[in-house]
>>> print(open('start.tsv').read())   # TSV, C-alpha atoms
chain	number	residue	atom	x	y	z
A	17	MET	CA	4.87	-7.81	24.98
A	18	ALA	CA	4.15	-10.75	22.81
A	19	ASN	CA	6.90	-13.20	21.97
A	20	GLN	CA	4.85	-15.49	19.78
A	21	ALA	CA	2.05	-15.21	17.26
A	22	LYS	CA	-0.17	-17.45	15.18
A	23	HIS	CA	-1.44	-16.91	11.64
A	24	LYS	CA	-4.01	-19.48	10.57
A	25	GLU	CA	-2.26	-22.71	11.68
A	26	THR	CA	1.34	-21.44	11.63
A	27	SER	CA	2.84	-20.29	14.92
A	28	PHE	CA	6.14	-18.42	15.09
A	29	ASN	CA	8.24	-16.46	17.56
A	30	VAL	CA	10.44	-13.38	17.61
A	31	GLY	CA	13.78	-14.18	15.98
A	32	ASP	CA	12.41	-16.74	13.53
A	33	LEU	CA	13.22	-16.53	9.85
A	34	ILE	CA	9.85	-16.47	8.08
A	35	ARG	CA	8.50	-16.16	4.56
A	36	VAL	CA	5.39	-13.99	4.23
A	37	HIS	CA	3.15	-14.52	1.18
A	38	GLN	CA	1.30	-11.30	0.47
A	39	LYS	CA	-1.39	-10.62	-2.13
A	40	VAL	CA	-0.59	-7.68	-4.41
A	41	LYS	CA	-3.10	-6.17	-6.82
A	42	GLU	CA	-1.71	-5.11	-10.18
A	43	ALA	CA	-4.14	-3.70	-12.73
A	44	ASN	CA	-6.99	-6.25	-12.70
A	45	LYS	CA	-5.03	-9.23	-11.39
A	46	PHE	CA	-3.76	-10.44	-8.05
A	47	ARG	CA	-0.36	-12.02	-7.57
A	48	ILE	CA	1.56	-13.35	-4.59
A	49	GLN	CA	4.68	-11.51	-3.48
A	50	ILE	CA	7.06	-13.20	-1.04
A	51	PHE	CA	8.93	-11.30	1.67
A	52	GLU	CA	11.51	-13.33	3.60
A	53	GLY	CA	13.13	-11.98	6.75
A	54	VAL	CA	13.59	-12.11	10.52
A	55	VAL	CA	10.75	-11.30	12.92
A	56	LEU	CA	11.94	-8.25	14.89
A	57	GLY	CA	8.91	-7.89	17.08
A	58	ILE	CA	5.32	-8.82	17.71
A	59	LYS	CA	3.02	-6.14	19.05
A	60	GLY	CA	-0.56	-6.04	20.30
A	61	ARG	CA	-3.02	-8.72	21.25
A	62	GLU	CA	-5.82	-10.69	19.62
A	63	GLU	CA	-7.14	-8.90	16.50
A	64	ASN	CA	-4.72	-5.98	16.86
A	65	LYS	CA	-1.57	-8.09	16.68
A	66	THR	CA	1.09	-6.90	14.23
A	67	ILE	CA	4.46	-8.31	13.21
A	68	THR	CA	7.57	-6.50	12.08
A	69	VAL	CA	9.80	-8.37	9.61
A	70	ARG	CA	13.22	-7.18	8.43
A	71	LYS	CA	15.32	-8.38	5.51
A	72	ILE	CA	18.51	-7.18	3.87
A	73	GLY	CA	17.73	-6.11	0.33
A	74	ALA	CA	19.85	-5.11	-2.63
A	75	ASN	CA	23.07	-3.19	-1.92
A	76	LYS	CA	22.86	-4.27	1.75
A	77	ILE	CA	19.94	-1.96	2.50
A	78	GLY	CA	17.64	-3.08	5.29
A	79	VAL	CA	13.93	-3.27	4.48
A	80	GLU	CA	11.26	-3.57	7.18
A	81	LYS	CA	7.58	-4.25	6.78
A	82	ILE	CA	4.81	-4.28	9.36
A	83	TRP	CA	1.69	-6.40	8.86
A	84	PRO	CA	-1.46	-6.86	10.92
A	85	LEU	CA	-1.95	-10.60	11.38
A	86	VAL	CA	-5.66	-10.48	10.54
A	87	SER	CA	-5.05	-8.69	7.23
A	88	PRO	CA	-6.87	-10.18	4.22
A	89	TRP	CA	-3.75	-9.43	2.15
A	90	LEU	CA	-1.70	-12.06	4.02
A	91	GLU	CA	-2.01	-15.34	2.18
A	92	LYS	CA	0.22	-17.48	4.40
A	93	ILE	CA	3.32	-17.43	6.58
A	94	GLU	CA	6.01	-20.13	6.47
A	95	VAL	CA	8.61	-20.65	9.16
A	96	ILE	CA	11.96	-21.38	7.51
A	97	LYS	CA	14.22	-21.43	10.55
A	98	LYS	CA	13.54	-21.17	14.26
A	99	GLY	CA	15.57	-18.57	16.12
A	100	LYS	CA	16.74	-18.58	19.70
A	101	VAL	CA	16.66	-15.10	21.21
A	102	ARG	CA	16.45	-13.66	24.70
A	103	ARG	CA	14.63	-10.44	23.86
A	104	ALA	CA	11.04	-9.58	22.95
A	105	LYS	CA	12.07	-6.87	20.49
A	106	LEU	CA	15.20	-7.22	18.35
A	107	GLY	CA	15.94	-3.56	17.69
A	108	TYR	CA	19.67	-4.21	17.83
A	109	LEU	CA	19.46	-5.91	14.42
A	110	ARG	CA	18.74	-2.52	12.87
A	111	GLN	CA	22.25	-1.29	13.59
A	112	GLY	CA	25.07	-2.29	11.29
A	113	ILE	CA	27.99	-4.35	12.55
A	114	ASN	CA	30.36	-1.41	12.16
A	115	GLN	CA	28.15	0.81	14.30
A	116	LEU	CA	28.05	-1.80	17.04
A	117	LYS	CA	31.85	-2.12	17.00
A	118	PHE	CA	32.22	1.66	17.11
A	119	LYS	CA	29.89	1.96	20.11
A	120	THR	CA	31.79	-0.67	22.09
A	121	LEU	CA	35.10	1.02	21.29
A	122	GLU	CA	33.60	4.36	22.32
A	123	LYS	CA	32.51	2.92	25.68
A	124	LYS	CA	35.96	1.44	26.30
A	125	ALA	CA	37.58	4.79	25.57
A	126	LYS	CA	35.26	6.54	28.04
A	127	LYS	CA	36.14	4.05	30.78
A	128	LYS	CA	39.87	4.70	30.34
>>> encode(input="start.tsv", output="structure tokens")
Amino acid sequence: MANQAKHKETSFNVGDLIRVHQKVKEANKFRIQIFEGVVLGIKGREENKTITVRKIGANKIGVEKIWPLVSPWLEKIEVIKKGKVRRAKLGYLRQGINQLKFKTLEKKAKKK
């Protein structure tokens, strides 16, 4: 399991808030589209390394994207904020707050 990755000269870790600049082809032109979110996980090694980034979109819907780090479509990656986490994969961020509260209440009820 990889906890850190490097794209060009930018290094980042799991849990960091990053901004990914991606090339998008529309008709005959290219433009840059920015995707800003938290790094949920880094997978693979060397050329096969991929990152999973999650953001909360419109109407509080979670959006995840997975990119290979050696993709020619990735223009650059900026680190906005460093995160401090104790896990290699942050799958728990996929669950909503209400679901987490419900699960803890459910466990307490089982114990009683």
>>> residues_near_point(input="start.tsv", point="(15.8, -18.6, 20.1)", cutoff="8 Å", atoms="all atoms listed in the file", output="list in words")
Val30, Gly31, Asp32, Lys98, Gly99, Lys100, Val101 and Arg102 of chain A
>>> write_last_selection(input="start.tsv", atoms="C-alpha atoms", output="mmCIF file, keeping the file's coordinate frame")
data_model
loop_
_atom_site.group_PDB
_atom_site.id
_atom_site.type_symbol
_atom_site.label_atom_id
_atom_site.label_comp_id
_atom_site.auth_asym_id
_atom_site.auth_seq_id
_atom_site.Cartn_x
_atom_site.Cartn_y
_atom_site.Cartn_z
ATOM 1 C CA VAL A 30 10.440 -13.380 17.610
ATOM 2 C CA GLY A 31 13.780 -14.180 15.980
ATOM 3 C CA ASP A 32 12.410 -16.740 13.530
ATOM 4 C CA LYS A 98 13.540 -21.170 14.260
ATOM 5 C CA GLY A 99 15.570 -18.570 16.120
ATOM 6 C CA LYS A 100 16.740 -18.580 19.700
ATOM 7 C CA VAL A 101 16.660 -15.100 21.210
ATOM 8 C CA ARG A 102 16.450 -13.660 24.700
#
>>> residues_near_point(input="start.tsv", point="(3.3, -14.9, 6.8)", cutoff="10 Å", atoms="only C-alpha atoms", output="list of chain:residue names")
A:Lys22, A:His23, A:Lys24, A:Thr26, A:Ser27, A:Phe28, A:Ile34, A:Arg35, A:Val36, A:His37, A:Gln38, A:Ile50, A:Phe51, A:Glu52, A:Ile67, A:Val69, A:Trp83, A:Leu85, A:Leu90, A:Glu91, A:Lys92, A:Ile93, A:Glu94, A:Val95
>>> atom_distance(input="start.tsv", atom1="atom CA of A:Pro84", atom2="atom CA of A:Leu33")
17.6 Å
>>> atom_distance(input="start.tsv", atom1="atom CA of A:Gln111", atom2="atom CA of A:Gly60")
24.2 Å
>>> closest_residue(input="start.tsv", among="A:Leu109, A:Glu25, A:Ile48, A:Glu42", to="A:Arg70", atoms="all atoms listed in the file")
A:Leu109
>>> residues_around(input="start.tsv", residues="A:Lys59", least_positions_apart="5", cutoff="10 Å", atoms="only C-alpha atoms", output="ChimeraX atom specification")
/A:17-21,64-68,84,104-105
>>> write_last_selection(input="start.tsv", atoms="C-alpha atoms", output="short mmCIF file (atom, residue, chain, number, x, y, z; two decimals), in the frame of the given file")
data_model
loop_
_atom_site.label_atom_id
_atom_site.label_comp_id
_atom_site.auth_asym_id
_atom_site.auth_seq_id
_atom_site.Cartn_x
_atom_site.Cartn_y
_atom_site.Cartn_z
CA MET A 17 4.87 -7.81 24.98
CA ALA A 18 4.15 -10.75 22.81
CA ASN A 19 6.90 -13.20 21.97
CA GLN A 20 4.85 -15.49 19.78
CA ALA A 21 2.05 -15.21 17.26
CA ASN A 64 -4.72 -5.98 16.86
CA LYS A 65 -1.57 -8.09 16.68
CA THR A 66 1.09 -6.90 14.23
CA ILE A 67 4.46 -8.31 13.21
CA THR A 68 7.57 -6.50 12.08
CA PRO A 84 -1.46 -6.86 10.92
CA ALA A 104 11.04 -9.58 22.95
CA LYS A 105 12.07 -6.87 20.49
#
>>> axis_aligned_box(input="start.tsv", around="stretch 71-90 of chain A", padding_each_side="5 Å", output="AutoDock Vina command-line options")
--center_x 8.1 --center_y -7.0 --center_z 4.4 --size_x 39.9 --size_y 20.1 --size_z 24.0
>>> atom_distance(input="start.tsv", atom1="atom CA of A:Ala43", atom2="atom CA of A:Val79")
25.0 Å
